[in-house]
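See below for my_file08.cif, which holds mmCIF, C-alpha atoms.
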data_model
loop_
_atom_site.group_PDB
_atom_site.id
_atom_site.type_symbol
_atom_site.label_atom_id
_atom_site.label_comp_id
_atom_site.auth_asym_id
_atom_site.auth_seq_id
_atom_site.Cartn_x
_atom_site.Cartn_y
_atom_site.Cartn_z
ATOM 1 C CA MET A 8 50.314 108.535 113.556
ATOM 2 C CA ASN A 9 52.457 111.686 113.459
ATOM 3 C CA PHE A 10 54.521 112.852 110.496
ATOM 4 C CA GLU A 11 57.825 111.458 111.858
ATOM 5 C CA MET A 12 56.343 108.000 112.316
ATOM 6 C CA LYS A 13 54.867 108.019 108.818
ATOM 7 C CA ALA A 14 58.227 109.062 107.371
ATOM 8 C CA LEU A 15 59.978 106.278 109.311
ATOM 9 C CA VAL A 16 57.497 103.675 108.089
ATOM 10 C CA LEU A 17 57.914 104.916 104.512
ATOM 11 C CA ARG A 18 61.733 104.780 104.712
ATOM 12 C CA THR A 19 61.573 101.291 106.223
ATOM 13 C CA SER A 20 59.226 100.131 103.470
ATOM 14 C CA LEU A 21 61.481 101.581 100.765
ATOM 15 C CA LEU A 22 64.551 99.970 102.322
ATOM 16 C CA LYS A 23 62.854 96.584 102.450
ATOM 17 C CA GLY A 24 61.856 97.006 98.803
ATOM 18 C CA LEU A 25 65.432 97.799 97.804
ATOM 19 C CA VAL A 26 66.778 94.814 99.732
ATOM 20 C CA ASN A 27 64.203 92.479 98.183
ATOM 21 C CA ASN A 28 64.984 93.770 94.687
ATOM 22 C CA MET A 29 68.717 93.297 95.195
ATOM 23 C CA GLU A 30 68.150 89.809 96.575
ATOM 24 C CA LYS A 31 66.080 88.823 93.533
ATOM 25 C CA LEU A 32 68.611 90.335 91.113
ATOM 26 C CA LEU A 33 71.528 88.613 92.838
ATOM 27 C CA LYS A 34 69.786 85.247 92.670
ATOM 28 C CA LEU A 35 69.132 85.850 88.970
ATOM 29 C CA GLU A 36 72.735 86.849 88.238
ATOM 30 C CA LEU A 37 74.249 83.985 90.222
ATOM 31 C CA ARG A 38 71.947 81.511 88.493
ATOM 32 C CA LYS A 39 73.061 82.848 85.105
ATOM 33 C CA ILE A 40 76.743 82.560 86.021
ATOM 34 C CA ARG A 41 76.289 78.960 87.166
ATOM 35 C CA LYS A 42 74.903 78.193 83.713
ATOM 36 C CA GLN A 43 77.472 80.294 81.821
ATOM 37 C CA LYS A 44 79.934 78.138 79.900
ATOM 38 C CA SER A 45 82.568 80.883 79.854
ATOM 39 C CA PHE A 46 82.992 80.578 83.639
ATOM 40 C CA TYR A 47 83.954 76.910 83.398
ATOM 41 C CA VAL A 48 85.998 77.355 80.224
ATOM 42 C CA CYS A 49 88.002 80.286 81.608
ATOM 43 C CA THR A 50 88.609 78.504 84.913
ATOM 44 C CA GLY A 51 89.652 75.352 83.068
ATOM 45 C CA VAL A 52 92.079 77.281 80.872
ATOM 46 C CA MET A 53 93.758 78.754 83.952
ATOM 47 C CA VAL A 54 94.156 75.324 85.541
ATOM 48 C CA VAL A 55 95.638 73.926 82.319
ATOM 49 C CA LEU A 56 98.106 76.823 82.097
ATOM 50 C CA LEU A 57 99.213 76.221 85.676
ATOM 51 C CA PHE A 58 99.691 72.512 84.984
ATOM 52 C CA LEU A 59 101.728 73.259 81.863
ATOM 53 C CA SER A 60 103.836 75.768 83.806
ATOM 54 C CA ALA A 61 104.597 73.185 86.512
ATOM 55 C CA ILE A 62 105.385 70.354 84.140
ATOM 56 C CA THR A 63 107.552 72.609 81.943
ATOM 57 C CA SER A 64 109.582 73.674 84.979
ATOM 58 C CA LYS A 65 109.959 70.037 86.016
ATOM 59 C CA VAL A 66 111.193 69.030 82.553
ATOM 60 C CA LEU A 67 113.700 71.899 82.512
ATOM 61 C CA CYS A 68 114.958 70.926 85.973
ATOM 62 C CA ASN A 69 115.474 67.345 84.825
ATOM 63 C CA ALA A 70 117.197 68.457 81.627
ATOM 64 C CA SER A 71 119.506 71.082 83.132
ATOM 65 C CA THR A 72 121.278 70.841 86.472
ATOM 66 C CA GLU A 73 122.114 74.547 86.198
ATOM 67 C CA PHE A 74 118.448 75.451 85.841
ATOM 68 C CA ALA A 75 117.522 73.072 88.656
ATOM 69 C CA ALA A 76 120.072 74.729 90.963
ATOM 70 C CA GLN A 77 118.643 78.176 90.271
ATOM 71 C CA TYR A 78 114.970 77.244 90.193
ATOM 72 C CA ASN A 79 113.117 77.766 93.448
ATOM 73 C CA GLY A 80 109.888 75.851 93.055
ATOM 74 C CA SER A 81 107.493 74.402 95.628
ATOM 75 C CA GLY A 82 103.813 74.335 96.444
ATOM 76 C CA ILE A 83 104.031 77.610 98.369
ATOM 77 C CA VAL A 84 106.125 79.392 95.727
ATOM 78 C CA SER A 85 103.768 78.150 93.023
ATOM 79 C CA MET A 86 100.816 79.687 94.873
ATOM 80 C CA ILE A 87 102.550 83.067 94.936
ATOM 81 C CA GLY A 88 103.158 82.871 91.185
ATOM 82 C CA ALA A 89 99.738 81.418 90.334
ATOM 83 C CA ILE A 90 98.151 84.692 89.210
ATOM 84 C CA SER A 91 101.001 85.398 86.819
ATOM 85 C CA ASN A 92 101.422 81.830 85.523
ATOM 86 C CA SER A 93 97.689 81.346 84.923
ATOM 87 C CA ASN A 94 97.187 84.704 83.147
ATOM 88 C CA PHE A 95 94.448 85.223 85.731
ATOM 89 C CA LEU A 96 93.830 88.903 85.048
ATOM 90 C CA LEU A 97 93.533 88.476 81.286
ATOM 91 C CA ILE A 98 91.288 85.412 81.450
ATOM 92 C CA ALA A 99 89.162 86.746 84.315
ATOM 93 C CA GLY A 100 88.826 90.040 82.450
ATOM 94 C CA ILE A 101 87.524 88.235 79.371
ATOM 95 C CA PHE A 102 85.056 86.311 81.538
ATOM 96 C CA VAL A 103 83.829 89.541 83.163
ATOM 97 C CA ALA A 104 83.354 91.161 79.763
ATOM 98 C CA LEU A 105 81.341 88.195 78.469
ATOM 99 C CA SER A 106 79.289 88.002 81.667
ATOM 100 C CA VAL A 107 78.438 91.704 81.790
ATOM 101 C CA CYS A 108 77.662 92.146 78.110
ATOM 102 C CA ASP A 109 75.485 89.052 77.709
ATOM 103 C CA ASP A 110 72.207 90.723 78.757
ATOM 104 C CA TYR A 111 72.934 93.763 76.598
ATOM 105 C CA GLU A 112 73.890 91.670 73.565
ATOM 106 C CA GLN A 113 70.763 89.523 73.929
ATOM 107 C CA GLN A 114 68.569 92.575 74.749
ATOM 108 C CA THR A 115 67.248 90.769 77.834
ATOM 109 C CA ILE A 116 68.295 93.754 79.926
ATOM 110 C CA LYS A 117 65.124 95.549 78.778
ATOM 111 C CA ASN A 118 63.014 92.830 80.385
ATOM 112 C CA ILE A 119 64.866 93.338 83.675
ATOM 113 C CA TYR A 120 64.345 97.114 83.634
ATOM 114 C CA SER A 121 60.685 96.650 82.709
ATOM 115 C CA LYS A 122 60.130 94.878 86.040
ATOM 116 C CA GLY A 123 60.993 98.057 87.917
ATOM 117 C CA TYR A 124 64.651 97.467 88.724
ATOM 118 C CA SER A 125 66.871 100.548 88.553
ATOM 119 C CA LYS A 126 70.142 100.850 86.643
ATOM 120 C CA VAL A 127 72.073 101.123 89.890
ATOM 121 C CA GLN A 128 70.497 97.938 91.250
ATOM 122 C CA VAL A 129 71.280 96.053 88.054
ATOM 123 C CA TYR A 130 74.837 97.406 88.006
ATOM 124 C CA PHE A 131 75.643 96.350 91.566
ATOM 125 C CA SER A 132 73.928 92.975 91.319
ATOM 126 C CA LYS A 133 76.037 92.178 88.264
ATOM 127 C CA PHE A 134 79.125 93.583 89.964
ATOM 128 C CA ILE A 135 78.672 91.464 93.100
ATOM 129 C CA SER A 136 78.055 88.303 91.078
ATOM 130 C CA ALA A 137 81.101 88.975 88.869
ATOM 131 C CA TRP A 138 83.210 89.631 91.969
ATOM 132 C CA GLY A 139 81.983 86.369 93.517
ATOM 133 C CA ALA A 140 82.670 84.340 90.371
ATOM 134 C CA THR A 141 86.178 85.737 89.914
ATOM 135 C CA SER A 142 86.880 85.166 93.618
ATOM 136 C CA ILE A 143 86.100 81.492 93.080
ATOM 137 C CA MET A 144 88.395 81.495 90.057
ATOM 138 C CA PHE A 145 91.130 83.106 92.187
ATOM 139 C CA VAL A 146 90.858 80.405 94.865
ATOM 140 C CA ILE A 147 90.853 77.608 92.271
ATOM 141 C CA ALA A 148 93.968 79.080 90.628
ATOM 142 C CA LEU A 149 95.820 79.214 93.953
ATOM 143 C CA LEU A 150 94.826 75.693 94.996
ATOM 144 C CA SER A 151 95.678 74.272 91.562
ATOM 145 C CA ALA A 152 99.094 75.943 91.601
ATOM 146 C CA PHE A 153 99.789 74.612 95.092
ATOM 147 C CA LEU A 154 98.716 71.102 94.063
ATOM 148 C CA PHE A 155 100.896 71.019 90.941
ATOM 149 C CA GLY A 156 103.849 72.663 92.689
ATOM 150 C CA ASN A 157 103.636 70.250 95.598
ATOM 151 C CA MET A 158 103.291 67.333 93.195
ATOM 152 C CA TYR A 159 106.520 68.099 91.315
ATOM 153 C CA PHE A 160 108.653 70.096 93.772
ATOM 154 C CA GLY A 161 107.355 69.375 97.265
ATOM 155 C CA PHE A 162 105.571 71.525 99.835
ATOM 156 C CA GLY A 163 108.415 73.970 100.439
ATOM 157 C CA GLU A 164 109.806 75.541 103.585
ATOM 158 C CA ILE A 165 107.810 78.182 105.440
ATOM 159 C CA ASN A 166 109.719 80.964 107.168
ATOM 160 C CA GLY A 167 106.801 82.611 108.921
ATOM 161 C CA TYR A 168 103.493 83.338 107.268
ATOM 162 C CA ASP A 169 104.376 86.374 105.189
ATOM 163 C CA PHE A 170 103.164 84.520 102.099
ATOM 164 C CA VAL A 171 99.596 84.657 103.496
ATOM 165 C CA GLY A 172 99.743 88.451 103.551
ATOM 166 C CA THR A 173 101.058 88.439 99.992
ATOM 167 C CA LEU A 174 98.144 86.274 98.848
ATOM 168 C CA VAL A 175 95.644 88.563 100.590
ATOM 169 C CA VAL A 176 97.090 91.645 98.886
ATOM 170 C CA GLN A 177 97.133 89.747 95.587
ATOM 171 C CA TYR A 178 93.414 89.102 95.991
ATOM 172 C CA VAL A 179 92.598 92.738 96.766
ATOM 173 C CA THR A 180 94.696 93.897 93.802
ATOM 174 C CA CYS A 181 93.008 91.379 91.506
ATOM 175 C CA MET A 182 89.603 92.643 92.633
ATOM 176 C CA ALA A 183 90.703 96.202 91.864
ATOM 177 C CA ASN A 184 91.466 95.017 88.327
ATOM 178 C CA ILE A 185 88.109 93.229 88.176
ATOM 179 C CA SER A 186 86.391 96.455 89.236
ATOM 180 C CA LEU A 187 88.079 98.251 86.338
ATOM 181 C CA TYR A 188 87.171 95.506 83.856
ATOM 182 C CA PHE A 189 83.578 95.502 85.059
ATOM 183 C CA ALA A 190 83.217 99.273 84.754
ATOM 184 C CA ILE A 191 84.646 99.194 81.210
ATOM 185 C CA SER A 192 82.358 96.351 80.125
ATOM 186 C CA ALA A 193 79.273 97.881 81.750
ATOM 187 C CA VAL A 194 79.858 101.101 79.812
ATOM 188 C CA LEU A 195 80.753 99.571 76.416
ATOM 189 C CA ARG A 196 78.163 96.713 76.591
ATOM 190 C CA LYS A 197 79.544 94.890 73.529
ATOM 191 C CA ASN A 198 81.549 91.671 73.763
ATOM 192 C CA GLY A 199 84.134 92.573 71.148
ATOM 193 C CA SER A 200 84.864 96.121 72.251
ATOM 194 C CA SER A 201 84.773 95.186 75.949
ATOM 195 C CA ILE A 202 87.271 92.340 75.544
ATOM 196 C CA ALA A 203 89.542 94.581 73.468
ATOM 197 C CA ALA A 204 89.324 97.349 76.079
ATOM 198 C CA VAL A 205 90.016 94.931 78.933
ATOM 199 C CA ILE A 206 93.228 93.918 77.161
ATOM 200 C CA VAL A 207 94.322 97.366 75.981
ATOM 201 C CA VAL A 208 93.242 99.848 78.686
ATOM 202 C CA PRO A 209 95.504 98.596 81.554
ATOM 203 C CA THR A 210 98.538 98.574 79.256
ATOM 204 C CA LEU A 211 97.637 101.967 77.797
ATOM 205 C CA ALA A 212 97.254 103.415 81.300
ATOM 206 C CA ASN A 213 100.653 102.009 82.246
ATOM 207 C CA MET A 214 102.202 103.697 79.187
ATOM 208 C CA LEU A 215 100.545 107.031 79.994
ATOM 209 C CA PHE A 216 101.779 106.919 83.582
ATOM 210 C CA GLY A 217 105.258 106.092 82.277
ATOM 211 C CA LEU A 218 105.144 109.135 79.988
ATOM 212 C CA ALA A 219 103.989 111.270 82.913
ATOM 213 C CA ASP A 220 106.929 110.046 84.987
ATOM 214 C CA SER A 221 109.347 110.823 82.151
ATOM 215 C CA PHE A 222 107.890 114.277 81.590
ATOM 216 C CA LEU A 223 107.516 115.396 85.214
ATOM 217 C CA LYS A 224 110.674 113.685 86.523
ATOM 218 C CA LEU A 225 109.481 113.721 90.122
ATOM 219 C CA GLU A 226 112.058 112.386 92.570
ATOM 220 C CA ASP A 227 109.795 110.986 95.283
ATOM 221 C CA VAL A 228 106.730 109.916 93.276
ATOM 222 C CA SER A 229 106.356 107.431 90.440
ATOM 223 C CA PHE A 230 102.902 107.204 88.892
ATOM 224 C CA THR A 231 103.801 103.921 87.202
ATOM 225 C CA SER A 232 104.645 102.313 90.547
ATOM 226 C CA LEU A 233 101.174 103.254 91.817
ATOM 227 C CA TRP A 234 99.317 101.614 88.932
ATOM 228 C CA LEU A 235 97.777 98.132 89.162
ATOM 229 C CA SER A 236 100.107 96.505 86.607
ATOM 230 C CA SER A 237 103.184 97.248 88.688
ATOM 231 C CA PHE A 238 101.524 95.827 91.795
ATOM 232 C CA MET A 239 100.929 92.427 90.238
ATOM 233 C CA SER A 240 104.477 92.099 88.919
ATOM 234 C CA ASP A 241 105.859 92.825 92.408
ATOM 235 C CA LEU A 242 103.348 90.603 94.200
ATOM 236 C CA SER A 243 104.200 87.526 92.131
ATOM 237 C CA VAL A 244 107.458 86.837 94.002
ATOM 238 C CA MET A 245 108.169 85.756 97.579
ATOM 239 C CA THR A 246 110.672 88.570 98.120
ATOM 240 C CA VAL A 247 108.196 91.463 97.911
ATOM 241 C CA SER A 248 108.835 93.954 100.723
ATOM 242 C CA HIS A 249 106.347 94.813 103.466
ATOM 243 C CA SER A 250 106.311 98.460 102.371
ATOM 244 C CA ARG A 251 105.407 97.463 98.815
ATOM 245 C CA LEU A 252 102.657 95.194 100.129
ATOM 246 C CA LEU A 253 101.221 98.084 102.115
ATOM 247 C CA VAL A 254 101.322 100.488 99.151
ATOM 248 C CA SER A 255 99.681 97.888 96.889
ATOM 249 C CA LEU A 256 96.956 97.193 99.449
ATOM 250 C CA ILE A 257 96.089 100.828 100.155
ATOM 251 C CA ALA A 258 96.131 101.873 96.495
ATOM 252 C CA SER A 259 93.988 98.875 95.472
ATOM 253 C CA LEU A 260 91.467 99.669 98.214
ATOM 254 C CA ILE A 261 91.224 103.177 96.751
ATOM 255 C CA TYR A 262 90.913 101.939 93.163
ATOM 256 C CA ILE A 263 88.039 99.551 93.950
ATOM 257 C CA PRO A 264 85.447 102.155 95.062
ATOM 258 C CA PHE A 265 86.730 104.648 92.483
ATOM 259 C CA PHE A 266 86.210 102.279 89.538
ATOM 260 C CA THR A 267 82.931 100.965 90.973
ATOM 261 C CA ILE A 268 81.349 104.349 91.622
ATOM 262 C CA THR A 269 82.610 105.799 88.330
ATOM 263 C CA GLY A 270 81.225 102.852 86.377
ATOM 264 C CA SER A 271 77.876 103.100 88.154
ATOM 265 C CA PHE A 272 77.660 106.848 87.466
ATOM 266 C CA LEU A 273 78.440 106.424 83.764
ATOM 267 C CA CYS A 274 75.940 103.585 83.392
ATOM 268 C CA LYS A 275 73.173 105.758 84.825
ATOM 269 C CA LYS A 276 73.823 108.295 82.060
ATOM 270 C CA ILE A 277 73.770 105.794 79.188
ATOM 271 C CA GLU A 278 70.470 105.125 77.463
ATOM 272 C CA LEU A 279 69.604 101.627 76.266
#

Exercise: express the given structure as structure tokens:
Amino acid sequence: MNFEMKALVLRTSLLKGLVNNMEKLLKLELRKIRKQKSFYVCTGVMVVLLFLSAITSKVLCNASTEFAAQYNGSGIVSMIGAISNSNFLLIAGIFVALSVCDDYEQQTIKNIYSKGYSKVQVYFSKFISAWGATSIMFVIALLSAFLFGNMYFGFGEINGYDFVGTLVVQYVTCMANISLYFAISAVLRKNGSSIAAVIVVPTLANMLFGLADSFLKLEDVSFTSLWLSSFMSDLSVMTVSHSRLLVSLIASLIYIPFFTITGSFLCKKIEL
């Protein structure tokens, strides 16, 4: 066997080892999330908030004809507003913080590393499982909002399928936020500080971008309008423009790998 063949066999063997390790870690992480009470509690809280939002709107419509005339509620409209009305980003961020920090708080992470898994493998297995869990939470929030909205206000009229594109961009933007929350939690590794950072950092970043806009006074560029917080406020209404959807989508697709790679790099540098 020549040198090239030996090198190919070695690379193939290493690749198979990496794939097997990731598969084992993913199964472990997904099993832990299925048993994690915070996943069910956080999802339940979102559903309750959506129900309260729907029933409150219904009561206000019954009590005030003026409010009823102005209120535009339906199953479709409720789906568009589900992320805002359920406090999805806040609750999902808290779940991510609790999920990521659990192994570090319990010191079980040392047992995982002792089995030969690398920090990068652990980081991405946790990231994928957190992404999967929050994706399920996202879908449940949308379906719950549609159910409650349809129950109290009807299905609603559909003028085309633009709302589908809005929901897709909402999902990508939410996952960009989740990537940020995960990176923060993976670096801090403590429940209390991670939850506090998940709440404070996005708002603090929004304030800093606002100060930058005020100081630089650029005519064609607004840093605040390119930050995640502004995307979600625009994406929560049916009237969002196609250009804003495109900007939100592209920026979120840039944020996701940036936060993920940055978090992975920082975690590699941190000692247990």

Legend entry - Pairwise distance for CA of Ser64 (chain A) and CA of Ser81 (chain A), rounded to one decimal in Å: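 Straight-line distance from CA of Ser64 (chain A) to CA of Ser81 (chain A) works out to 10.9 Å.
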
Given the file shown, enumerate the residues that the PyMOL selection byres ((chain A and resi 127-140) around 7) captures and present them as a PDB file with C-alpha atoms, keeping the file's coordinate frame.
ATOM      1  CA  MET A  29      68.717  93.297  95.195  1.00  0.00           C
ATOM      2  CA  LEU A  32      68.611  90.335  91.113  1.00  0.00           C
ATOM      3  CA  LEU A  33      71.528  88.613  92.838  1.00  0.00           C
ATOM      4  CA  GLU A  36      72.735  86.849  88.238  1.00  0.00           C
ATOM      5  CA  LEU A  37      74.249  83.985  90.222  1.00  0.00           C
ATOM      6  CA  VAL A 103      83.829  89.541  83.163  1.00  0.00           C
ATOM      7  CA  VAL A 107      78.438  91.704  81.790  1.00  0.00           C
ATOM      8  CA  TYR A 124      64.651  97.467  88.724  1.00  0.00           C
ATOM      9  CA  SER A 125      66.871 100.548  88.553  1.00  0.00           C
ATOM     10  CA  LYS A 126      70.142 100.850  86.643  1.00  0.00           C
ATOM     11  CA  THR A 141      86.178  85.737  89.914  1.00  0.00           C
ATOM     12  CA  SER A 142      86.880  85.166  93.618  1.00  0.00           C
ATOM     13  CA  ILE A 143      86.100  81.492  93.080  1.00  0.00           C
ATOM     14  CA  MET A 144      88.395  81.495  90.057  1.00  0.00           C
ATOM     15  CA  PHE A 189      83.578  95.502  85.059  1.00  0.00           C
ATOM     16  CA  SER A 271      77.876 103.100  88.154  1.00  0.00           C
ATOM     17  CA  LYS A 275      73.173 105.758  84.825  1.00  0.00           C
TER      18      LYS A 275
END

Inset, instruction - Evaluate the PyMOL selection byres ((chain A and resi 278) around 12) on the structure here and hand back the selected residues as a PyMOL selection string. - result: chain A and resi 111+116-117+120+126+194-196+273-277+279

Legend entry - Leu235 (chain A) surroundings by all atoms listed in the file, 10 Å radius, close-in-sequence under 3 positions cut, as a count of residues only: 17

Legend entry - Between CA of Ile90 (chain A) and CA of Leu256 (chain A) - distance in Å to one decimal: 16.2 Å

Inset, instruction - Report as a ChimeraX atom specification the residues that result from applying the PyMOL selection byres ((chain A and resi 80) around 12) to the structure here. - result: /A:60-65,67-68,74-79,81-89,152-153,155-164,244-245

Write out the residues from the selection above, keeping C-alpha atoms, as a tab-separated table (two decimals), in the coordinates of the input.
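Listed below is the output, part-v4.tsv:
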chain	number	residue	atom	x	y	z
A	60	SER	CA	103.84	75.77	83.81
A	61	ALA	CA	104.60	73.18	86.51
A	62	ILE	CA	105.38	70.35	84.14
A	63	THR	CA	107.55	72.61	81.94
A	64	SER	CA	109.58	73.67	84.98
A	65	LYS	CA	109.96	70.04	86.02
A	67	LEU	CA	113.70	71.90	82.51
A	68	CYS	CA	114.96	70.93	85.97
A	74	PHE	CA	118.45	75.45	85.84
A	75	ALA	CA	117.52	73.07	88.66
A	76	ALA	CA	120.07	74.73	90.96
A	77	GLN	CA	118.64	78.18	90.27
A	78	TYR	CA	114.97	77.24	90.19
A	79	ASN	CA	113.12	77.77	93.45
A	81	SER	CA	107.49	74.40	95.63
A	82	GLY	CA	103.81	74.33	96.44
A	83	ILE	CA	104.03	77.61	98.37
A	84	VAL	CA	106.12	79.39	95.73
A	85	SER	CA	103.77	78.15	93.02
A	86	MET	CA	100.82	79.69	94.87
A	87	ILE	CA	102.55	83.07	94.94
A	88	GLY	CA	103.16	82.87	91.18
A	89	ALA	CA	99.74	81.42	90.33
A	152	ALA	CA	99.09	75.94	91.60
A	153	PHE	CA	99.79	74.61	95.09
A	155	PHE	CA	100.90	71.02	90.94
A	156	GLY	CA	103.85	72.66	92.69
A	157	ASN	CA	103.64	70.25	95.60
A	158	MET	CA	103.29	67.33	93.20
A	159	TYR	CA	106.52	68.10	91.32
A	160	PHE	CA	108.65	70.10	93.77
A	161	GLY	CA	107.36	69.38	97.26
A	162	PHE	CA	105.57	71.53	99.84
A	163	GLY	CA	108.42	73.97	100.44
A	164	GLU	CA	109.81	75.54	103.58
A	244	VAL	CA	107.46	86.84	94.00
A	245	MET	CA	108.17	85.76	97.58

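Atom pair CA of Leu242 (chain A) / CA of Ser71 (chain A) has a distance of 27.7 Å (rounded to one decimal).
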
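Taking all atoms listed in the file into account, the protein, DNA and RNA residues within 10 Å of (94.1, 91.9, 99.4) read Val171, Gly172, Thr173, Leu174, Val175, Val176, Gln177, Tyr178, Val179, Thr180, Cys181, Met182, Ala183, Leu252, Leu253, Ser255, Leu256, Ile257, Ser259 and Leu260 of chain A.
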
For the selection you just gave me, I'd like the residues written to a file as a tab-separated table (two decimals), in the coordinates of the input, keeping C-alpha atoms.
chain	number	residue	atom	x	y	z
A	171	VAL	CA	99.60	84.66	103.50
A	172	GLY	CA	99.74	88.45	103.55
A	173	THR	CA	101.06	88.44	99.99
A	174	LEU	CA	98.14	86.27	98.85
A	175	VAL	CA	95.64	88.56	100.59
A	176	VAL	CA	97.09	91.64	98.89
A	177	GLN	CA	97.13	89.75	95.59
A	178	TYR	CA	93.41	89.10	95.99
A	179	VAL	CA	92.60	92.74	96.77
A	180	THR	CA	94.70	93.90	93.80
A	181	CYS	CA	93.01	91.38	91.51
A	182	MET	CA	89.60	92.64	92.63
A	183	ALA	CA	90.70	96.20	91.86
A	252	LEU	CA	102.66	95.19	100.13
A	253	LEU	CA	101.22	98.08	102.12
A	255	SER	CA	99.68	97.89	96.89
A	256	LEU	CA	96.96	97.19	99.45
A	257	ILE	CA	96.09	100.83	100.16
A	259	SER	CA	93.99	98.88	95.47
A	260	LEU	CA	91.47	99.67	98.21

Legend entry - For Ile185 (chain A), the nearest of the candidates A:Leu225, A:Leu149, A:Ile98, A:Leu215, counting all atoms listed in the file: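 Of the candidates, the smallest distance to Ile185 (chain A) is held by A:Ile98.
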
Legend entry - Which of A:Ile101, A:Gly123, A:Phe95, A:Val66 sits closest to Val205 (chain A) [using all atoms listed in the file]: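 Residue with the minimum atom-to-atom distance to Val205 (chain A): A:Ile101.
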
Legend entry - Long-range neighbours of Asn198 (chain A) as a ChimeraX atom specification, 8 Å cut-off, all atoms listed in the file, 2 positions minimum in chain: /A:104-105,108-109,112,192,196,200-202

Inset, instruction - May I ask which of the residues A:Ala148, A:Ile261, A:Ala219, A:Leu35 is the closest one to Leu56 (chain A), counting only C-alpha atoms? - result: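 Among A:Ala148, A:Ile261, A:Ala219, A:Leu35, it is A:Ala148 that comes nearest to Leu56 (chain A).
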
Legend entry - Surrounding residues of Asp220 (chain A) excluding itself and chain neighbours under 3 positions, 8 Å, only C-alpha atoms, as number ranges by chain: A: 216-217, 223-225, 229-231

Give me a file of those residues, with C-alpha atoms, as a PDB file, keeping the file's coordinate frame.
ATOM      1  CA  PHE A 216     101.779 106.919  83.582  1.00  0.00           C
ATOM      2  CA  GLY A 217     105.258 106.092  82.277  1.00  0.00           C
ATOM      3  CA  LEU A 223     107.516 115.396  85.214  1.00  0.00           C
ATOM      4  CA  LYS A 224     110.674 113.685  86.523  1.00  0.00           C
ATOM      5  CA  LEU A 225     109.481 113.721  90.122  1.00  0.00           C
ATOM      6  CA  SER A 229     106.356 107.431  90.440  1.00  0.00           C
ATOM      7  CA  PHE A 230     102.902 107.204  88.892  1.00  0.00           C
ATOM      8  CA  THR A 231     103.801 103.921  87.202  1.00  0.00           C
TER       9      THR A 231
END

Legend entry - Nearest candidate to Leu97 (chain A) (options A:Gln114, A:Ser243, A:Asn69, A:Thr50; using only C-alpha atoms):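 Answer, going by the shortest atom-to-atom distance: A:Thr50.
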
Inset, instruction - Tell me which of A:Gly199, A:Gly100, A:Pro264, A:Gly270 sits closest to Cys49 (chain A), counting only C-alpha atoms. - result: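 Closest to Cys49 (chain A) of all the choices is A:Gly100.
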